[in-house]
Amino acid sequence: MHKNMNPFYTTYEYIPFDKIQETDYEPAMMKGIEEEDQEIDKIVNNPEAPTFENTIEALESTGELLARVTEVFFNLLSAETTDFLDELAQKMSPILSEHSNNITLNEGLFRRVKAVYDDHAKDDFARLNAEQKMLLTKSYEGFVRNGANLPDDKKEQLRKLSAELGVLSLQFSQNKLKDTNDFTLHITDEKDLAGLPESAIDLARHAAKEKNMEGYVFTLQAPSYSPFLTYSARRELRQQMYMAYNTMCTHDNANNNVEIVGKLVNLRRELAQLLGFNTYADYALAHRMAEKSENVYNLLNSLIEAYMPTAQEEVKAVEDLYYQENHLNPAELSADAPKRFMPWDFPYYANKLKESQFNINSEMLRPYFELSKVKQGVFGLATRLYGITFRKNPNVPVYHPDVEAYDVLDQDGSYLALFYCDFHPRASKKSGAWMTSYKEQWKEKDGTNSRPQVSIVMNLSKPTDTKPALLTLGEVETFLHEFGHSLHGIFANTTYRTLSGTNVYWDFVELPSQFMENYSIEKDFLNTFASHYETGEPIPQDLLDRITASRNFNVAYACMRQVSFGLLDMAFYTMTDAFQTNLFDFERQAWSRTQVLPQVDGTCMTVQFSHIMAGGYSAGYYSYKWAEVLDADAFSLFKQRGIFDAETARSFRENILSRGGTEQPMTLYKRFRGQEPTIDALLRRNGIRK
């Protein structure tokens with residue numbers, strides 16, 4: 001294709017997914033690198049004295065083409081990848097890393113940035129507004145944190161470390177996706193479907209049909225795996241699924257991540273120590289609300305102290321039910337007896353216990369959570385809170401038929417954002433759920449507000465041949481979570497791209513998303529959309545009551561599970577010496593204080609823990625619990641004033657959702673809330689404290 005035909009070379013209103021060819025990415029990235037190099041040279045060689053405008057703002061506006069192509073490329077690498085894109089990512093990752101290093105390690109550029117920073121530091125940044133001060137500080141510290149002050153030999157070492165990190169992170173993610181797709185549980189004997197709900201059977205039948213196989217196919221994708229563990233009466237098959245999932249990327253094949261984990265951990269430690277920090281956690285937390293490891297551990301330890309006794313009681317109740325129903329006496333069983341209570345028994349018997357206590361399970365709720373109705377409910381919630389509306393736009397090109405595009409309009413009818421939704425799992429998509437941006441928000445020199453293009457990507461239950469997509473309450477919660485992230489992007493209203501939307505401290509970014517999860521069990525919200533997909537009958541009041549009553553079922557167990565992940569993360573990234581330990585032993589030791597279920601030999605979470613190994617949450621997984629303290633405290637204000645209170649929502653939008661990273665997170669939070677958060681609201685919400 002002639003270079004002038006490359007769709008990335010011209011500006012466009014909507015990403016031309018219908019015109020982009022896989023062969024367009026590499027030349028566009030290389031041209032983008034070339035253009036940004038020229039833009040950087042122009043700043044460095046400017047004969048005028050360095051100023052905020054000709055250096056900091058000029059730097060902020062570089063790399064437009066490169067950003068345009070890489071945002072599309074790396075988003076599709078997660079949401080709709082191919083072997084071609086995977087291979088190209090491996091090729092381009094070190095090239096892009098080298099280009100980034102060429103900017104942050106450019107001595108002439110850093111001299112200009114430092115000159116502006118030093119000059120403004122002298123007069124207390126008097127001439128700049130708060131957002132300009134933040135951009136200047138972030139720019140200067142970004143250079144320092146990326147090695148600008150290092151001697152030449154160490155700069156070269158840093159280049160090698162960051163390039164290797166980029167390649168290995170990609171390989172980690174690609175291995176996980178391949179290993180996820182490689183496993184199937186193929187069932188042909190209908191007796192092996194015992195206990196499974198119709199929805200899970202329909203999905204498995206549909207999956208088999210897609211693979212041109214007879215019978216039923218279950219996979220490690222969440223909408224297949226989770227119901228199987230929860231409902232299958234075939235214990236040996238639950239064990240098979242559990243072991244397949246929890247030994248992923250540990251097998252003796254090309255997808256093994258064990259060695260990669262050690263390399264990633266050591267590379268991050270080396271990088272941090274090269275930059276003068278004792279540990280990678282010290283490096284990462286310097287730009288987080290938590291500030292230092294001690295504060296992270298204080299949070300995690302306080303949660304263990306508050307929740308562990310209840311978590312142990314919760315698991316004991318499930319375990320007792322297992323032994324009771326199977327007519328077993330645990331005192332008569334040896335420690336390694338096959339019939340002892342095991343982790344693959346927990347979801348199944350926890351669900352039975354929940355049914356017996358509250359007469360509720362996720363399958364009862366599915367008929368009331370048909371995806372199109374859930375969309376109406378979630379979008380309607382944003383309309384009620386903020387006055388915005390979502391208008392489907394069929395003229396916007398999308399990257400897969402599953403994807404929907406919406407124009408988002410503000411209360412006055414003005415255009416706010418483009419919003420993509422990608423709901424269902426497929427072999428080309430990573431597991432999990434996430435929000436991302438295809439274009440950030442910023443303001444042009446002439447004052448034009450360039451609006452964002454954001455996307456949420458999930459792996460929710462698919463429609464089958466006989467039923468539409470019917471979601472569990474947990475999936476509704478996932479939708480609300482990612483939608484909360486998207487509102488952070490949609491409402492962005494800052495001058496600079498790198499400070500807009502979700503470009504905030506990592507332990508603040510989960511506040512808007514987890515805040516939205518609170519609505520998932522609010523009756524007044526559920527009543528706005530939850531109706532039976534066949535009859536149209538609204539969700540019964542007694543079912544709503546049971547949802548509310550069961551909201552804290554096994555909440556302490558769930559808390560300990562999250563805390564265990566935070567402890568594991570911190571164990572890796574507070575290391576001062578090289579990681580040389582057996583990974584399986586290290587993992588077990590790191591989270592031992594939080595384990596309430598038996599540990600199974602051969603299983604390993606770390607090798608598939610994309611968040612902390614390849615997803616930006618290294619020394620940051622605690623953020624979910626940190627933000628949970630914030631979201632419980634924030635939502636308590638809505639509970640006081642009314643969960644749809646427009647004035648409180650306006651304040652939340654203006655002080656938090658619109659401000660991005662333009663000020664310190666605690667400053668923004670206190671402006672909204674009027675005080676610093678405490679853990680009290682979370683403990684009350686979870687029933688740990690009355």
# chains A, B, ... in the order shown; residues from 1 in each chain; ligands from 1
call {"tool": "closest_atom_pairs", "arguments": {"of": "region 633-672 of chain A", "to": "region 479-496 of chain A", "cutoff": "10 Å", "atoms": "only C-alpha atoms", "output": "Markdown table"}}
result
| residue | atom | partner | partner_atom | distance |
| --- | --- | --- | --- | --- |
| A:Arg653 | CA | A:Phe491 | CA | 7.3 |
| A:Glu654 | CA | A:Phe491 | CA | 8.6 |
| A:Ile656 | CA | A:His488 | CA | 8.1 |
| A:Leu657 | CA | A:His488 | CA | 4.8 |
| A:Ser658 | CA | A:Ala492 | CA | 4.4 |
| A:Arg659 | CA | A:Asn493 | CA | 6.4 |
| A:Gly660 | CA | A:Ala492 | CA | 6.4 |
| A:Gly661 | CA | A:Thr494 | CA | 8.9 |
| A:Thr662 | CA | A:Thr494 | CA | 7.5 |
call {"tool": "write_last_selection", "arguments": {"atoms": "all heavy atoms", "output": "mmCIF file, in the first residue's frame"}}
result
data_model
loop_
_atom_site.group_PDB
_atom_site.id
_atom_site.type_symbol
_atom_site.label_atom_id
_atom_site.label_comp_id
_atom_site.auth_asym_id
_atom_site.auth_seq_id
_atom_site.Cartn_x
_atom_site.Cartn_y
_atom_site.Cartn_z
ATOM 1 N N ARG A 653 -18.779 14.943 39.889
ATOM 2 C CA ARG A 653 -18.315 15.147 38.515
ATOM 3 C C ARG A 653 -17.288 16.274 38.454
ATOM 4 O O ARG A 653 -16.207 16.107 37.870
ATOM 5 C CB ARG A 653 -19.497 15.471 37.603
ATOM 6 C CG ARG A 653 -19.075 15.899 36.196
ATOM 7 C CD ARG A 653 -20.256 16.205 35.285
ATOM 8 N NE ARG A 653 -19.809 16.742 34.007
ATOM 9 C CZ ARG A 653 -20.604 16.976 32.959
ATOM 10 N NH1 ARG A 653 -21.899 16.701 33.044
ATOM 11 N NH2 ARG A 653 -20.103 17.458 31.839
ATOM 12 N N GLU A 654 -17.615 17.420 39.029
ATOM 13 C CA GLU A 654 -16.764 18.601 38.877
ATOM 14 C C GLU A 654 -15.450 18.472 39.637
ATOM 15 O O GLU A 654 -14.408 18.920 39.160
ATOM 16 C CB GLU A 654 -17.525 19.846 39.342
ATOM 17 C CG GLU A 654 -18.667 20.233 38.405
ATOM 18 C CD GLU A 654 -19.372 21.497 38.849
ATOM 19 O OE1 GLU A 654 -18.978 22.081 39.892
ATOM 20 O OE2 GLU A 654 -20.331 21.907 38.158
ATOM 21 N N ILE A 656 -13.996 15.538 40.920
ATOM 22 C CA ILE A 656 -13.208 14.315 40.749
ATOM 23 C C ILE A 656 -13.188 13.848 39.297
ATOM 24 O O ILE A 656 -12.134 13.739 38.681
ATOM 25 C CB ILE A 656 -13.724 13.206 41.684
ATOM 26 C CG1 ILE A 656 -13.410 13.591 43.137
ATOM 27 C CG2 ILE A 656 -13.088 11.853 41.348
ATOM 28 C CD1 ILE A 656 -13.904 12.628 44.178
ATOM 29 N N LEU A 657 -14.360 13.589 38.708
ATOM 30 C CA LEU A 657 -14.400 12.968 37.380
ATOM 31 C C LEU A 657 -13.841 13.876 36.288
ATOM 32 O O LEU A 657 -13.250 13.385 35.323
ATOM 33 C CB LEU A 657 -15.842 12.568 37.041
ATOM 34 C CG LEU A 657 -16.467 11.505 37.947
ATOM 35 C CD1 LEU A 657 -17.918 11.252 37.543
ATOM 36 C CD2 LEU A 657 -15.662 10.210 37.901
ATOM 37 N N SER A 658 -14.029 15.177 36.409
ATOM 38 C CA SER A 658 -13.592 16.087 35.335
ATOM 39 C C SER A 658 -12.153 16.545 35.482
ATOM 40 O O SER A 658 -11.555 17.013 34.516
ATOM 41 C CB SER A 658 -14.497 17.326 35.296
ATOM 42 O OG SER A 658 -15.802 16.974 34.945
ATOM 43 N N ARG A 659 -11.594 16.402 36.671
ATOM 44 C CA ARG A 659 -10.323 17.064 36.958
ATOM 45 C C ARG A 659 -9.092 16.237 36.611
ATOM 46 O O ARG A 659 -7.972 16.761 36.606
ATOM 47 C CB ARG A 659 -10.259 17.469 38.439
ATOM 48 C CG ARG A 659 -11.337 18.448 38.878
ATOM 49 C CD ARG A 659 -11.382 19.683 37.998
ATOM 50 N NE ARG A 659 -10.108 20.375 37.997
ATOM 51 C CZ ARG A 659 -9.618 21.011 36.942
ATOM 52 N NH1 ARG A 659 -10.282 21.025 35.790
ATOM 53 N NH2 ARG A 659 -8.471 21.621 37.022
ATOM 54 N N GLY A 660 -9.280 14.931 36.344
ATOM 55 C CA GLY A 660 -8.128 14.121 35.963
ATOM 56 C C GLY A 660 -7.013 14.213 36.990
ATOM 57 O O GLY A 660 -7.239 14.153 38.196
ATOM 58 N N GLY A 661 -5.783 14.384 36.495
ATOM 59 C CA GLY A 661 -4.613 14.461 37.369
ATOM 60 C C GLY A 661 -4.098 15.869 37.531
ATOM 61 O O GLY A 661 -2.891 16.076 37.728
ATOM 62 N N THR A 662 -4.998 16.859 37.481
ATOM 63 C CA THR A 662 -4.554 18.260 37.521
ATOM 64 C C THR A 662 -4.171 18.733 38.912
ATOM 65 O O THR A 662 -3.515 19.764 39.061
ATOM 66 C CB THR A 662 -5.657 19.186 36.974
ATOM 67 O OG1 THR A 662 -6.869 18.967 37.726
ATOM 68 C CG2 THR A 662 -5.928 18.895 35.508
#
call {"tool": "residues_around", "arguments": {"residues": "region 563-567 of chain A", "least_positions_apart": "2", "cutoff": "7 Å", "atoms": "only C-alpha atoms", "output": "VMD selection string"}}
result
chain A and resid 300 559 to 561 569 to 571 590 to 591 594 621 to 622
call {"tool": "write_last_selection", "arguments": {"atoms": "N, CA and C atoms", "output": "compact mmCIF listing (two decimals), in the first residue's frame"}}
result
# COMPACT_ATOMS: atom_id res chain seq x y z
N LEU A 300 -3.26 -3.06 54.49
CA LEU A 300 -3.50 -4.50 54.35
C LEU A 300 -3.59 -5.18 55.71
N CYS A 559 -12.67 -10.26 50.80
CA CYS A 559 -11.68 -9.26 51.20
C CYS A 559 -10.31 -9.90 51.39
N MET A 560 -10.25 -11.03 52.08
CA MET A 560 -8.97 -11.70 52.29
C MET A 560 -8.34 -12.14 50.97
N ARG A 561 -9.19 -12.52 50.03
CA ARG A 561 -8.67 -12.91 48.71
C ARG A 561 -7.97 -11.72 48.05
N ASP A 569 1.81 -9.19 45.62
CA ASP A 569 2.37 -8.11 44.82
C ASP A 569 3.48 -7.38 45.58
N MET A 570 3.19 -7.00 46.81
CA MET A 570 4.19 -6.27 47.59
C MET A 570 5.40 -7.14 47.92
N ALA A 571 5.19 -8.44 48.12
CA ALA A 571 6.32 -9.33 48.41
C ALA A 571 7.32 -9.34 47.26
N ALA A 590 4.24 -15.77 50.72
CA ALA A 590 3.90 -14.34 50.65
C ALA A 590 2.48 -14.06 51.15
N TRP A 591 1.55 -14.94 50.81
CA TRP A 591 0.16 -14.64 51.18
C TRP A 591 -0.37 -15.57 52.27
N THR A 594 -3.22 -14.81 54.87
CA THR A 594 -4.61 -14.55 54.43
C THR A 594 -5.30 -15.79 53.89
N TYR A 621 -1.32 -3.38 43.37
CA TYR A 621 -2.58 -4.11 43.45
C TYR A 621 -3.39 -3.72 44.69
N TYR A 622 -2.70 -3.24 45.73
CA TYR A 622 -3.40 -2.75 46.91
C TYR A 622 -4.40 -1.65 46.56
call {"tool": "closest_atom_pairs", "arguments": {"of": "region 431-511 of chain A", "to": "region 55-71 of chain A", "cutoff": "9 Å", "atoms": "only C-alpha atoms", "output": "CSV"}}
result
residue,atom,partner,partner_atom,distance
A:Ser437,CA,A:Glu71,CA,7.5
A:Tyr438,CA,A:Glu71,CA,5.5
A:Lys439,CA,A:Arg68,CA,7.5
A:Tyr496,CA,A:Glu60,CA,7.4
A:Arg497,CA,A:Glu60,CA,7.7
A:Thr498,CA,A:Glu60,CA,7.6
call {"tool": "write_last_selection", "arguments": {"atoms": "N, CA and C atoms", "output": "PDB file, in the first residue's frame"}}
result
ATOM      1  N   SER A 437      -8.661   4.106  26.480  1.00  0.00           N
ATOM      2  CA  SER A 437      -8.925   5.270  25.632  1.00  0.00           C
ATOM      3  C   SER A 437      -8.296   5.072  24.259  1.00  0.00           C
ATOM      4  N   TYR A 438      -9.038   5.453  23.245  1.00  0.00           N
ATOM      5  CA  TYR A 438      -8.477   5.531  21.887  1.00  0.00           C
ATOM      6  C   TYR A 438      -8.024   6.959  21.595  1.00  0.00           C
ATOM      7  N   LYS A 439      -8.540   7.884  22.374  1.00  0.00           N
ATOM      8  CA  LYS A 439      -8.115   9.280  22.259  1.00  0.00           C
ATOM      9  C   LYS A 439      -8.432   9.971  23.572  1.00  0.00           C
ATOM     10  N   TYR A 496      -4.555  19.712  29.279  1.00  0.00           N
ATOM     11  CA  TYR A 496      -3.473  18.881  28.747  1.00  0.00           C
ATOM     12  C   TYR A 496      -3.852  17.404  28.700  1.00  0.00           C
ATOM     13  N   ARG A 497      -3.498  16.762  27.609  1.00  0.00           N
ATOM     14  CA  ARG A 497      -3.826  15.359  27.359  1.00  0.00           C
ATOM     15  C   ARG A 497      -3.295  14.441  28.450  1.00  0.00           C
ATOM     16  N   THR A 498      -2.050  14.667  28.870  1.00  0.00           N
ATOM     17  CA  THR A 498      -1.433  13.735  29.815  1.00  0.00           C
ATOM     18  C   THR A 498      -1.947  13.899  31.242  1.00  0.00           C
TER      19      THR A 498
END
call {"tool": "residues_around", "arguments": {"residues": "Lys392 (chain A)", "least_positions_apart": "2", "cutoff": "7 Å", "atoms": "only C-alpha atoms", "output": "PDB file with all heavy atoms, in the first residue's frame"}}
result
ATOM      1  N   PHE A 390     -26.841   8.680  25.970  1.00  0.00           N
ATOM      2  CA  PHE A 390     -26.047   7.830  25.083  1.00  0.00           C
ATOM      3  C   PHE A 390     -26.880   7.529  23.843  1.00  0.00           C
ATOM      4  O   PHE A 390     -27.983   6.991  23.946  1.00  0.00           O
ATOM      5  CB  PHE A 390     -25.671   6.528  25.796  1.00  0.00           C
ATOM      6  CG  PHE A 390     -24.697   6.725  26.919  1.00  0.00           C
ATOM      7  CD1 PHE A 390     -25.122   7.261  28.129  1.00  0.00           C
ATOM      8  CD2 PHE A 390     -23.361   6.403  26.766  1.00  0.00           C
ATOM      9  CE1 PHE A 390     -24.226   7.456  29.173  1.00  0.00           C
ATOM     10  CE2 PHE A 390     -22.462   6.592  27.803  1.00  0.00           C
ATOM     11  CZ  PHE A 390     -22.891   7.131  29.005  1.00  0.00           C
ATOM     12  N   PRO A 394     -24.622   3.963  14.498  1.00  0.00           N
ATOM     13  CA  PRO A 394     -24.257   2.831  13.636  1.00  0.00           C
ATOM     14  C   PRO A 394     -23.280   3.198  12.527  1.00  0.00           C
ATOM     15  O   PRO A 394     -22.755   2.317  11.840  1.00  0.00           O
ATOM     16  CB  PRO A 394     -25.609   2.397  13.052  1.00  0.00           C
ATOM     17  CG  PRO A 394     -26.450   3.632  13.092  1.00  0.00           C
ATOM     18  CD  PRO A 394     -26.016   4.406  14.295  1.00  0.00           C
ATOM     19  N   ALA A 405     -20.984   1.381  19.232  1.00  0.00           N
ATOM     20  CA  ALA A 405     -20.454   2.731  19.409  1.00  0.00           C
ATOM     21  C   ALA A 405     -21.594   3.692  19.736  1.00  0.00           C
ATOM     22  O   ALA A 405     -22.676   3.617  19.145  1.00  0.00           O
ATOM     23  CB  ALA A 405     -19.725   3.191  18.149  1.00  0.00           C
ATOM     24  N   TYR A 406     -21.339   4.580  20.679  1.00  0.00           N
ATOM     25  CA  TYR A 406     -22.342   5.543  21.126  1.00  0.00           C
ATOM     26  C   TYR A 406     -21.754   6.948  21.145  1.00  0.00           C
ATOM     27  O   TYR A 406     -20.599   7.143  21.553  1.00  0.00           O
ATOM     28  CB  TYR A 406     -22.822   5.217  22.544  1.00  0.00           C
ATOM     29  CG  TYR A 406     -23.562   3.913  22.674  1.00  0.00           C
ATOM     30  CD1 TYR A 406     -22.862   2.714  22.829  1.00  0.00           C
ATOM     31  CD2 TYR A 406     -24.951   3.870  22.646  1.00  0.00           C
ATOM     32  CE1 TYR A 406     -23.533   1.503  22.952  1.00  0.00           C
ATOM     33  CE2 TYR A 406     -25.631   2.669  22.772  1.00  0.00           C
ATOM     34  CZ  TYR A 406     -24.921   1.487  22.916  1.00  0.00           C
ATOM     35  OH  TYR A 406     -25.590   0.290  23.032  1.00  0.00           O
ATOM     36  N   ASP A 407     -22.557   7.919  20.722  1.00  0.00           N
ATOM     37  CA  ASP A 407     -22.236   9.321  20.976  1.00  0.00           C
ATOM     38  C   ASP A 407     -22.777   9.665  22.353  1.00  0.00           C
ATOM     39  O   ASP A 407     -23.927   9.342  22.681  1.00  0.00           O
ATOM     40  CB  ASP A 407     -22.886  10.233  19.933  1.00  0.00           C
ATOM     41  CG  ASP A 407     -22.277  10.065  18.552  1.00  0.00           C
ATOM     42  OD1 ASP A 407     -21.048   9.894  18.466  1.00  0.00           O
ATOM     43  OD2 ASP A 407     -23.035  10.099  17.564  1.00  0.00           O
TER      44      ASP A 407
END
call {"tool": "select_by_dssp", "arguments": {"residues": "region 152-292 of chain A", "states": "strand (DSSP E)", "output": "PyMOL selection string"}}
result
chain A and resi 185-187+216-218
call {"tool": "closest_residue", "arguments": {"among": "A:Arg127, A:Arg269, A:Lys91, A:Arg111", "to": "Thr576 (chain A)", "atoms": "only C-alpha atoms"}}
result
A:Arg269
call {"tool": "closest_atom_pairs", "arguments": {"of": "region 101-182 of chain A", "to": "region 217-225 of chain A", "cutoff": "9 Å", "atoms": "only C-alpha atoms", "output": "JSON lines"}}
result
{"residue": "A:Thr180", "atom": "CA", "partner": "A:Leu220", "partner_atom": "CA", "distance": 5.9}
{"residue": "A:Asn181", "atom": "CA", "partner": "A:Leu220", "partner_atom": "CA", "distance": 7.5}
{"residue": "A:Asp182", "atom": "CA", "partner": "A:Thr219", "partner_atom": "CA", "distance": 8.9}
call {"tool": "write_last_selection", "arguments": {"atoms": "all heavy atoms", "output": "short mmCIF file (atom, residue, chain, number, x, y, z; two decimals), in the first residue's frame"}}
result
data_model
loop_
_atom_site.label_atom_id
_atom_site.label_comp_id
_atom_site.auth_asym_id
_atom_site.auth_seq_id
_atom_site.Cartn_x
_atom_site.Cartn_y
_atom_site.Cartn_z
N THR A 180 -4.95 -20.00 27.93
CA THR A 180 -6.39 -19.94 28.19
C THR A 180 -7.15 -20.62 27.07
O THR A 180 -8.08 -21.41 27.29
CB THR A 180 -6.87 -18.48 28.34
OG1 THR A 180 -6.15 -17.85 29.40
CG2 THR A 180 -8.36 -18.41 28.63
N ASN A 181 -6.76 -20.32 25.85
CA ASN A 181 -7.46 -20.86 24.67
C ASN A 181 -7.16 -22.33 24.42
O ASN A 181 -7.94 -23.03 23.77
CB ASN A 181 -7.11 -20.04 23.43
CG ASN A 181 -7.71 -18.65 23.47
OD1 ASN A 181 -8.73 -18.42 24.12
ND2 ASN A 181 -7.07 -17.71 22.78
N ASP A 182 -6.02 -22.81 24.93
CA ASP A 182 -5.61 -24.19 24.63
C ASP A 182 -6.43 -25.25 25.37
O ASP A 182 -6.47 -26.40 24.96
CB ASP A 182 -4.12 -24.39 24.98
CG ASP A 182 -3.20 -23.84 23.89
OD1 ASP A 182 -3.73 -23.45 22.83
OD2 ASP A 182 -1.98 -23.79 24.11
#
call {"tool": "closest_residue", "arguments": {"among": "A:Leu682, A:Leu274, A:Leu177, A:Ala649", "to": "Asn256 (chain A)", "atoms": "only C-alpha atoms"}}
result
A:Leu177
call {"tool": "residues_around", "arguments": {"residues": "Phe358 (chain A)", "least_positions_apart": "3", "cutoff": "8 Å", "atoms": "only C-alpha atoms", "output": "list in words"}}
result
Lys354, Glu355, Arg546, Ala549 and Ser550 of chain A
call {"tool": "residues_around", "arguments": {"residues": "Lys316 (chain A)", "least_positions_apart": "6", "cutoff": "10 Å", "atoms": "only C-alpha atoms", "output": "PyMOL selection string"}}
result
chain A and resi 310+322+596-597
call {"tool": "closest_residue", "arguments": {"among": "A:Lys625, A:Phe52, A:Ser199, A:Asn655", "to": "Ile304 (chain A)", "atoms": "only C-alpha atoms"}}
result
A:Lys625
call {"tool": "residues_around", "arguments": {"residues": "region 454-456 of chain A", "least_positions_apart": "3", "cutoff": "6 Å", "atoms": "only C-alpha atoms", "output": "compact mmCIF listing (two decimals) with C-alpha atoms, in the first residue's frame"}}
result
# COMPACT_ATOMS: atom_id res chain seq x y z
CA PHE A 419 -18.01 5.49 23.68
CA TYR A 420 -17.28 1.93 22.50
CA CYS A 421 -18.70 -1.14 24.28
CA TRP A 434 -10.95 -3.07 31.36
CA MET A 435 -11.55 0.49 30.24
CA THR A 436 -9.23 2.16 27.78
CA SER A 437 -8.92 5.27 25.63
CA TYR A 438 -8.48 5.53 21.89
call {"tool": "residues_around", "arguments": {"residues": "Val113 (chain A)", "least_positions_apart": "2", "cutoff": "8 Å", "atoms": "only C-alpha atoms", "output": "list in words"}}
result
Pro50, Thr55, Ile56, Leu109, Phe110, Arg111, Ala115, Val116, Tyr117, Ser139 and Tyr140 of chain A
call {"tool": "closest_atom_pairs", "arguments": {"of": "region 81-102 of chain A", "to": "region 22-30 of chain A", "cutoff": "10 Å", "atoms": "only C-alpha atoms", "output": "Markdown table"}}
result
| residue | atom | partner | partner_atom | distance |
| --- | --- | --- | --- | --- |
| A:Thr82 | CA | A:Glu22 | CA | 9.3 |
| A:Phe84 | CA | A:Glu22 | CA | 7.5 |
| A:Leu85 | CA | A:Glu22 | CA | 7.2 |
| A:Leu88 | CA | A:Glu26 | CA | 7.6 |
| A:Ala89 | CA | A:Glu26 | CA | 9.5 |
| A:Lys91 | CA | A:Glu26 | CA | 9.4 |
| A:Met92 | CA | A:Glu26 | CA | 7.7 |
| A:Ile95 | CA | A:Met30 | CA | 9.0 |
| A:Leu96 | CA | A:Met29 | CA | 8.5 |
call {"tool": "decode", "arguments": {"residues": "region 360-372 of chain A", "atoms": "N, CA and C atoms", "output": "JSON list (two decimals), in the first residue's frame"}}
result
[["chain", "number", "residue", "atom", "x", "y", "z"],
["A", 360, "ILE", "N", -31.37, -17.54, 47.24],
["A", 360, "ILE", "CA", -30.95, -16.74, 46.08],
["A", 360, "ILE", "C", -29.67, -17.33, 45.51],
["A", 361, "ASN", "N", -29.56, -17.29, 44.18],
["A", 361, "ASN", "CA", -28.30, -17.57, 43.50],
["A", 361, "ASN", "C", -28.26, -16.76, 42.22],
["A", 362, "SER", "N", -27.12, -16.75, 41.59],
["A", 362, "SER", "CA", -26.95, -15.88, 40.42],
["A", 362, "SER", "C", -27.85, -16.28, 39.27],
["A", 363, "GLU", "N", -28.21, -17.57, 39.18],
["A", 363, "GLU", "CA", -29.06, -18.01, 38.08],
["A", 363, "GLU", "C", -30.49, -17.48, 38.21],
["A", 364, "MET", "N", -30.96, -17.32, 39.44],
["A", 364, "MET", "CA", -32.29, -16.76, 39.64],
["A", 364, "MET", "C", -32.41, -15.35, 39.06],
["A", 365, "LEU", "N", -31.28, -14.65, 39.08],
["A", 365, "LEU", "CA", -31.29, -13.24, 38.68],
["A", 365, "LEU", "C", -31.08, -13.04, 37.18],
["A", 366, "ARG", "N", -30.48, -14.02, 36.52],
["A", 366, "ARG", "CA", -30.17, -13.85, 35.09],
["A", 366, "ARG", "C", -31.35, -13.39, 34.25],
["A", 367, "PRO", "N", -32.55, -13.99, 34.41],
["A", 367, "PRO", "CA", -33.65, -13.58, 33.53],
["A", 367, "PRO", "C", -33.99, -12.09, 33.64],
["A", 368, "TYR", "N", -33.60, -11.45, 34.75],
["A", 368, "TYR", "CA", -33.90, -10.03, 34.95],
["A", 368, "TYR", "C", -32.76, -9.12, 34.50],
["A", 369, "PHE", "N", -31.66, -9.72, 34.07],
["A", 369, "PHE", "CA", -30.50, -8.93, 33.66],
["A", 369, "PHE", "C", -30.14, -9.22, 32.21],
["A", 370, "GLU", "N", -31.08, -9.06, 31.34],
["A", 370, "GLU", "CA", -30.81, -9.19, 29.90],
["A", 370, "GLU", "C", -29.97, -7.99, 29.48],
["A", 371, "LEU", "N", -28.94, -8.22, 28.69],
["A", 371, "LEU", "CA", -27.92, -7.21, 28.45],
["A", 371, "LEU", "C", -28.49, -5.89, 27.95],
["A", 372, "SER", "N", -29.42, -5.92, 27.01],
["A", 372, "SER", "CA", -29.94, -4.66, 26.48],
["A", 372, "SER", "C", -30.63, -3.85, 27.58]]
